file upload39.pdb (PDB, C-alpha atoms and all ligand atoms)
ATOM      1  CA  MET A 107       0.000   0.000   0.000  1.00  0.00           C
ATOM      2  CA  ASN A 108       2.674   2.476  -0.924  1.00  0.00           C
ATOM      3  CA  PRO A 109       2.110   3.122  -4.610  1.00  0.00           C
ATOM      4  CA  ASP A 110       4.024   6.392  -4.754  1.00  0.00           C
ATOM      5  CA  SER A 111       7.351   4.859  -3.899  1.00  0.00           C
ATOM      6  CA  GLY A 112       9.835   4.237  -6.633  1.00  0.00           C
ATOM      7  CA  LEU A 113       9.706   4.993 -10.303  1.00  0.00           C
ATOM      8  CA  CYS A 114       7.379   4.075 -13.131  1.00  0.00           C
ATOM      9  CA  PRO A 115       8.120   0.465 -14.180  1.00  0.00           C
ATOM     10  CA  ILE A 116       7.170   1.311 -17.750  1.00  0.00           C
ATOM     11  CA  CYS A 117       9.212   4.381 -18.543  1.00  0.00           C
ATOM     12  CA  GLY A 118      11.210   5.139 -15.389  1.00  0.00           C
ATOM     13  CA  GLY A 119       9.473   8.463 -14.881  1.00  0.00           C
ATOM     14  CA  SER A 120       8.613   9.774 -11.448  1.00  0.00           C
ATOM     15  CA  LYS A 121       5.218   9.032  -9.959  1.00  0.00           C
ATOM     16  CA  THR A 122       3.072  11.745  -8.458  1.00  0.00           C
ATOM     17  CA  GLU A 123      -0.083  11.682  -6.390  1.00  0.00           C
ATOM     18  CA  GLY A 124      -3.124  12.963  -8.185  1.00  0.00           C
ATOM     19  CA  ALA A 125      -6.800  12.585  -8.849  1.00  0.00           C
ATOM     20  CA  ILE A 126      -8.054  11.010 -12.027  1.00  0.00           C
ATOM     21  CA  THR A 127     -11.372  10.517 -13.731  1.00  0.00           C
ATOM     22  CA  PHE A 128     -12.106   6.813 -13.954  1.00  0.00           C
ATOM     23  CA  THR A 129     -14.344   5.584 -16.750  1.00  0.00           C
ATOM     24  CA  ALA A 130     -15.721   2.122 -17.349  1.00  0.00           C
ATOM     25  CA  ASP A 131     -17.567   1.501 -20.567  1.00  0.00           C
ATOM     26  CA  LEU A 132     -19.903  -1.397 -19.924  1.00  0.00           C
ATOM     27  CA  GLN A 133     -22.058  -2.598 -22.736  1.00  0.00           C
ATOM     28  CA  GLU A 134     -25.147  -0.709 -21.630  1.00  0.00           C
ATOM     29  CA  THR A 135     -23.791   1.704 -19.085  1.00  0.00           C
ATOM     30  CA  LEU A 136     -21.018   4.240 -19.115  1.00  0.00           C
ATOM     31  CA  VAL A 137     -19.668   4.801 -15.627  1.00  0.00           C
ATOM     32  CA  VAL A 138     -17.655   7.899 -14.827  1.00  0.00           C
ATOM     33  CA  VAL A 139     -16.110   8.422 -11.410  1.00  0.00           C
ATOM     34  CA  ARG A 140     -14.428  11.744 -10.790  1.00  0.00           C
ATOM     35  CA  GLY A 141     -11.822  12.646  -8.219  1.00  0.00           C
ATOM     36  CA  VAL A 142     -10.390   9.160  -7.880  1.00  0.00           C
ATOM     37  CA  PRO A 143      -7.130   9.236  -5.915  1.00  0.00           C
ATOM     38  CA  ALA A 144      -4.349   7.653  -7.929  1.00  0.00           C
ATOM     39  CA  THR A 145      -0.657   7.615  -8.517  1.00  0.00           C
ATOM     40  CA  VAL A 146       0.165   8.979 -11.948  1.00  0.00           C
ATOM     41  CA  CYS A 147       3.417   8.811 -13.867  1.00  0.00           C
ATOM     42  CA  ALA A 148       4.513  12.321 -14.748  1.00  0.00           C
ATOM     43  CA  LEU A 149       6.157  11.096 -17.920  1.00  0.00           C
ATOM     44  CA  CYS A 150       3.919   8.516 -19.599  1.00  0.00           C
ATOM     45  CA  GLY A 151       0.694   9.135 -17.699  1.00  0.00           C
ATOM     46  CA  ASN A 152       0.223   5.565 -16.545  1.00  0.00           C
ATOM     47  CA  GLU A 153      -2.093   5.326 -13.553  1.00  0.00           C
ATOM     48  CA  TRP A 154      -2.049   3.133 -10.462  1.00  0.00           C
ATOM     49  CA  LEU A 155      -4.872   2.637  -8.003  1.00  0.00           C
ATOM     50  CA  ASP A 156      -4.423   1.182  -4.564  1.00  0.00           C
ATOM     51  CA  ASP A 157      -6.436  -1.877  -3.562  1.00  0.00           C
ATOM     52  CA  ALA A 158      -9.050  -0.020  -1.540  1.00  0.00           C
ATOM     53  CA  THR A 159      -9.648   2.437  -4.352  1.00  0.00           C
ATOM     54  CA  ALA A 160      -9.903  -0.307  -6.951  1.00  0.00           C
ATOM     55  CA  ALA A 161     -12.360  -2.230  -4.778  1.00  0.00           C
ATOM     56  CA  ALA A 162     -14.479   0.864  -4.259  1.00  0.00           C
ATOM     57  CA  LEU A 163     -14.558   1.520  -8.002  1.00  0.00           C
ATOM     58  CA  GLU A 164     -15.601  -2.055  -8.601  1.00  0.00           C
ATOM     59  CA  ARG A 165     -18.541  -1.562  -6.254  1.00  0.00           C
ATOM     60  CA  ILE A 166     -19.549   1.655  -7.988  1.00  0.00           C
ATOM     61  CA  VAL A 167     -19.430  -0.042 -11.384  1.00  0.00           C
ATOM     62  CA  GLU A 168     -21.450  -2.966 -10.061  1.00  0.00           C
ATOM     63  CA  GLU A 169     -24.091  -0.633  -8.617  1.00  0.00           C
ATOM     64  CA  ALA A 170     -24.352   1.223 -11.894  1.00  0.00           C
ATOM     65  CA  ARG A 171     -24.704  -2.028 -13.788  1.00  0.00           C
ATOM     66  CA  LYS A 172     -27.579  -3.092 -11.527  1.00  0.00           C
ATOM     67  CA  LYS A 173     -29.374   0.211 -12.052  1.00  0.00           C
ATOM     68  CA  ASN A 174     -29.152  -0.353 -15.756  1.00  0.00           C
ATOM     69  CA  CYS A 175     -29.015   3.328 -16.559  1.00  0.00           C
ATOM     70  CA  LEU A 176     -27.262   4.678 -19.612  1.00  0.00           C
ATOM     71  CA  PHE A 177     -24.854   6.978 -17.872  1.00  0.00           C
ATOM     72  CA  GLU A 178     -23.662   7.100 -14.282  1.00  0.00           C
ATOM     73  CA  VAL A 179     -21.487   9.829 -12.820  1.00  0.00           C
ATOM     74  CA  ALA A 180     -20.107   9.534  -9.320  1.00  0.00           C
ATOM     75  CA  GLN A 181     -17.780  11.615  -7.214  1.00  0.00           C
ATOM     76  CA  PHE A 182     -15.218   9.580  -5.341  1.00  0.00           C
ATOM     77  CA  SER A 183     -15.089  10.433  -1.653  1.00  0.00           C
ATOM     78  CA  THR A 184     -11.427  10.976  -1.035  1.00  0.00           C
ATOM     79  CA  PHE A 185     -11.916  11.363   2.687  1.00  0.00           C
ATOM     80  CA  SER A 186     -13.287   7.835   3.145  1.00  0.00           C
ATOM     81  CA  GLN A 187     -11.865   5.530   0.542  1.00  0.00           C
ATOM     82  CA  SER A 188     -13.250   2.399   2.148  1.00  0.00           C
ATOM     83  CA  ALA A 189     -16.778   3.802   2.204  1.00  0.00           C
ATOM     84  CA  ALA A 190     -16.646   4.346  -1.556  1.00  0.00           C
ATOM     85  CA  ALA A 191     -18.520   7.071  -3.317  1.00  0.00           C
ATOM     86  CA  SER A 192     -21.817   8.804  -3.164  1.00  0.00           C
ATOM     87  CA  PRO A 193     -23.310   8.455  -6.610  1.00  0.00           C
ATOM     88  CA  ILE A 194     -24.903  11.438  -8.231  1.00  0.00           C
ATOM     89  CA  HIS A 195     -26.848  11.334 -11.413  1.00  0.00           C
ATOM     90  CA  ALA A 196     -26.199  13.444 -14.449  1.00  0.00           C
ATOM     91  CA  ALA A 197     -29.025  15.681 -15.429  1.00  0.00           C
TER      92      ALA A 197
HETATM   93 ZN    ZN A 201       5.834   6.163 -16.922  1.00  0.00          ZN
END
call {"tool": "encode", "arguments": {"input": "upload39.pdb", "output": "structure tokens", "more": "lines below"}}
Ligand SMILES: [Zn+2]
result
Amino acid sequence: MNPDSGLCPICGGSKTEGAITFTADLQETLVVVRGVPATVCALCGNEWLDDATAAALERIVEEARKKNCLFEVAQFSTFSQSAAASPIHAA
């Protein structure tokens, strides 16, 4: 659980902490989660998520799939990664 240590294994660039917009294009639903905490390579832009974040995203995607809506936008709660996100719906 220390994703910001070391260098990018792909290009050797330095990793920085940041927030990304995660998208998952399911067949019937497009899921967009904003403000997802991630480690991003400054050079090649590769992104790493820690386990808790990845698990939370999985739950959000699963919820969206169950709802069967066309488009789901959620804001990731950075202050409680284990509690996942509070989904909001696009107008
Ligand atoms: Zn890189």
call {"tool": "resolve_selection", "arguments": {"input": "upload39.pdb", "expression": "the PyMOL selection byres (((not hetatm)) within 12 of (chain A and resi 201))", "output": "ChimeraX atom specification"}}
result
/A:112-122,145-154
call {"tool": "residues_around", "arguments": {"input": "upload39.pdb", "residues": "Asp131 (chain A)", "least_positions_apart": "2", "cutoff": "12 Å", "atoms": "all atoms listed in the file", "output": "PyMOL selection string"}}
result
chain A and resi 128-129+133-139+167+170-171+176-178
call {"tool": "residues_near_point", "arguments": {"input": "upload39.pdb", "point": "(-14.9, 11.7, -6.8)", "cutoff": "6 Å", "atoms": "only C-alpha atoms", "output": "number ranges by chain"}}
result
A: 139-142, 181-183
call {"tool": "atom_distance", "arguments": {"input": "upload39.pdb", "atom1": "CA of Gly124 (chain A)", "atom2": "CA of Lys172 (chain A)"}}
result
29.4 Å
call {"tool": "atom_distance", "arguments": {"input": "upload39.pdb", "atom1": "CA of Cys175 (chain A)", "atom2": "CA of Leu155 (chain A)"}}
result
25.6 Å
call {"tool": "atom_distance", "arguments": {"input": "upload39.pdb", "atom1": "CA of Ala125 (chain A)", "atom2": "CA of Lys173 (chain A)"}}
result
25.9 Å
call {"tool": "build_atoms", "arguments": {"input": "upload39.pdb", "residues": "region 146-169 of chain A", "atoms": "N, CA and C atoms", "output": "PDB file, keeping the file's coordinate frame"}}
result
ATOM      1  N   VAL A 146       0.050   8.786 -10.515  1.00  0.00           N
ATOM      2  CA  VAL A 146       0.165   8.979 -11.948  1.00  0.00           C
ATOM      3  C   VAL A 146       1.618   9.225 -12.323  1.00  0.00           C
ATOM      4  N   CYS A 147       2.062   8.568 -13.387  1.00  0.00           N
ATOM      5  CA  CYS A 147       3.417   8.811 -13.867  1.00  0.00           C
ATOM      6  C   CYS A 147       3.465  10.165 -14.573  1.00  0.00           C
ATOM      7  N   ALA A 148       4.410  10.988 -14.176  1.00  0.00           N
ATOM      8  CA  ALA A 148       4.513  12.321 -14.748  1.00  0.00           C
ATOM      9  C   ALA A 148       4.960  12.272 -16.200  1.00  0.00           C
ATOM     10  N   LEU A 149       5.573  11.167 -16.588  1.00  0.00           N
ATOM     11  CA  LEU A 149       6.157  11.096 -17.920  1.00  0.00           C
ATOM     12  C   LEU A 149       5.206  10.447 -18.932  1.00  0.00           C
ATOM     13  N   CYS A 150       4.739   9.232 -18.626  1.00  0.00           N
ATOM     14  CA  CYS A 150       3.919   8.516 -19.599  1.00  0.00           C
ATOM     15  C   CYS A 150       2.435   8.530 -19.252  1.00  0.00           C
ATOM     16  N   GLY A 151       2.093   9.015 -18.054  1.00  0.00           N
ATOM     17  CA  GLY A 151       0.694   9.135 -17.699  1.00  0.00           C
ATOM     18  C   GLY A 151       0.034   7.852 -17.247  1.00  0.00           C
ATOM     19  N   ASN A 152       0.800   6.807 -17.054  1.00  0.00           N
ATOM     20  CA  ASN A 152       0.223   5.565 -16.545  1.00  0.00           C
ATOM     21  C   ASN A 152      -0.322   5.785 -15.132  1.00  0.00           C
ATOM     22  N   GLU A 153      -1.417   5.100 -14.827  1.00  0.00           N
ATOM     23  CA  GLU A 153      -2.093   5.326 -13.553  1.00  0.00           C
ATOM     24  C   GLU A 153      -2.116   4.068 -12.700  1.00  0.00           C
ATOM     25  N   TRP A 154      -1.951   4.243 -11.412  1.00  0.00           N
ATOM     26  CA  TRP A 154      -2.049   3.133 -10.462  1.00  0.00           C
ATOM     27  C   TRP A 154      -3.079   3.471  -9.406  1.00  0.00           C
ATOM     28  N   LEU A 155      -3.907   2.484  -9.079  1.00  0.00           N
ATOM     29  CA  LEU A 155      -4.872   2.637  -8.003  1.00  0.00           C
ATOM     30  C   LEU A 155      -4.487   1.699  -6.875  1.00  0.00           C
ATOM     31  N   ASP A 156      -4.681   2.134  -5.634  1.00  0.00           N
ATOM     32  CA  ASP A 156      -4.423   1.182  -4.564  1.00  0.00           C
ATOM     33  C   ASP A 156      -5.621   0.240  -4.427  1.00  0.00           C
ATOM     34  N   ASP A 157      -5.439  -0.813  -3.633  1.00  0.00           N
ATOM     35  CA  ASP A 157      -6.436  -1.877  -3.562  1.00  0.00           C
ATOM     36  C   ASP A 157      -7.799  -1.377  -3.088  1.00  0.00           C
ATOM     37  N   ALA A 158      -7.791  -0.519  -2.089  1.00  0.00           N
ATOM     38  CA  ALA A 158      -9.050  -0.020  -1.540  1.00  0.00           C
ATOM     39  C   ALA A 158      -9.800   0.804  -2.584  1.00  0.00           C
ATOM     40  N   THR A 159      -9.041   1.610  -3.322  1.00  0.00           N
ATOM     41  CA  THR A 159      -9.648   2.437  -4.352  1.00  0.00           C
ATOM     42  C   THR A 159     -10.215   1.575  -5.474  1.00  0.00           C
ATOM     43  N   ALA A 160      -9.447   0.585  -5.887  1.00  0.00           N
ATOM     44  CA  ALA A 160      -9.903  -0.307  -6.951  1.00  0.00           C
ATOM     45  C   ALA A 160     -11.157  -1.064  -6.532  1.00  0.00           C
ATOM     46  N   ALA A 161     -11.195  -1.499  -5.278  1.00  0.00           N
ATOM     47  CA  ALA A 161     -12.360  -2.230  -4.778  1.00  0.00           C
ATOM     48  C   ALA A 161     -13.585  -1.333  -4.730  1.00  0.00           C
ATOM     49  N   ALA A 162     -13.371  -0.084  -4.324  1.00  0.00           N
ATOM     50  CA  ALA A 162     -14.479   0.864  -4.259  1.00  0.00           C
ATOM     51  C   ALA A 162     -15.026   1.145  -5.658  1.00  0.00           C
ATOM     52  N   LEU A 163     -14.134   1.289  -6.620  1.00  0.00           N
ATOM     53  CA  LEU A 163     -14.558   1.520  -8.002  1.00  0.00           C
ATOM     54  C   LEU A 163     -15.348   0.331  -8.536  1.00  0.00           C
ATOM     55  N   GLU A 164     -14.900  -0.846  -8.178  1.00  0.00           N
ATOM     56  CA  GLU A 164     -15.601  -2.055  -8.601  1.00  0.00           C
ATOM     57  C   GLU A 164     -17.040  -2.054  -8.103  1.00  0.00           C
ATOM     58  N   ARG A 165     -17.196  -1.619  -6.834  1.00  0.00           N
ATOM     59  CA  ARG A 165     -18.541  -1.562  -6.254  1.00  0.00           C
ATOM     60  C   ARG A 165     -19.401  -0.529  -6.980  1.00  0.00           C
ATOM     61  N   ILE A 166     -18.803   0.607  -7.295  1.00  0.00           N
ATOM     62  CA  ILE A 166     -19.549   1.655  -7.988  1.00  0.00           C
ATOM     63  C   ILE A 166     -20.009   1.159  -9.363  1.00  0.00           C
ATOM     64  N   VAL A 167     -19.108   0.488 -10.058  1.00  0.00           N
ATOM     65  CA  VAL A 167     -19.430  -0.042 -11.384  1.00  0.00           C
ATOM     66  C   VAL A 167     -20.540  -1.086 -11.281  1.00  0.00           C
ATOM     67  N   GLU A 168     -20.445  -1.914 -10.252  1.00  0.00           N
ATOM     68  CA  GLU A 168     -21.450  -2.966 -10.061  1.00  0.00           C
ATOM     69  C   GLU A 168     -22.824  -2.364  -9.765  1.00  0.00           C
ATOM     70  N   GLU A 169     -22.843  -1.329  -8.923  1.00  0.00           N
ATOM     71  CA  GLU A 169     -24.091  -0.633  -8.617  1.00  0.00           C
ATOM     72  C   GLU A 169     -24.705  -0.042  -9.877  1.00  0.00           C
TER      73      GLU A 169
END
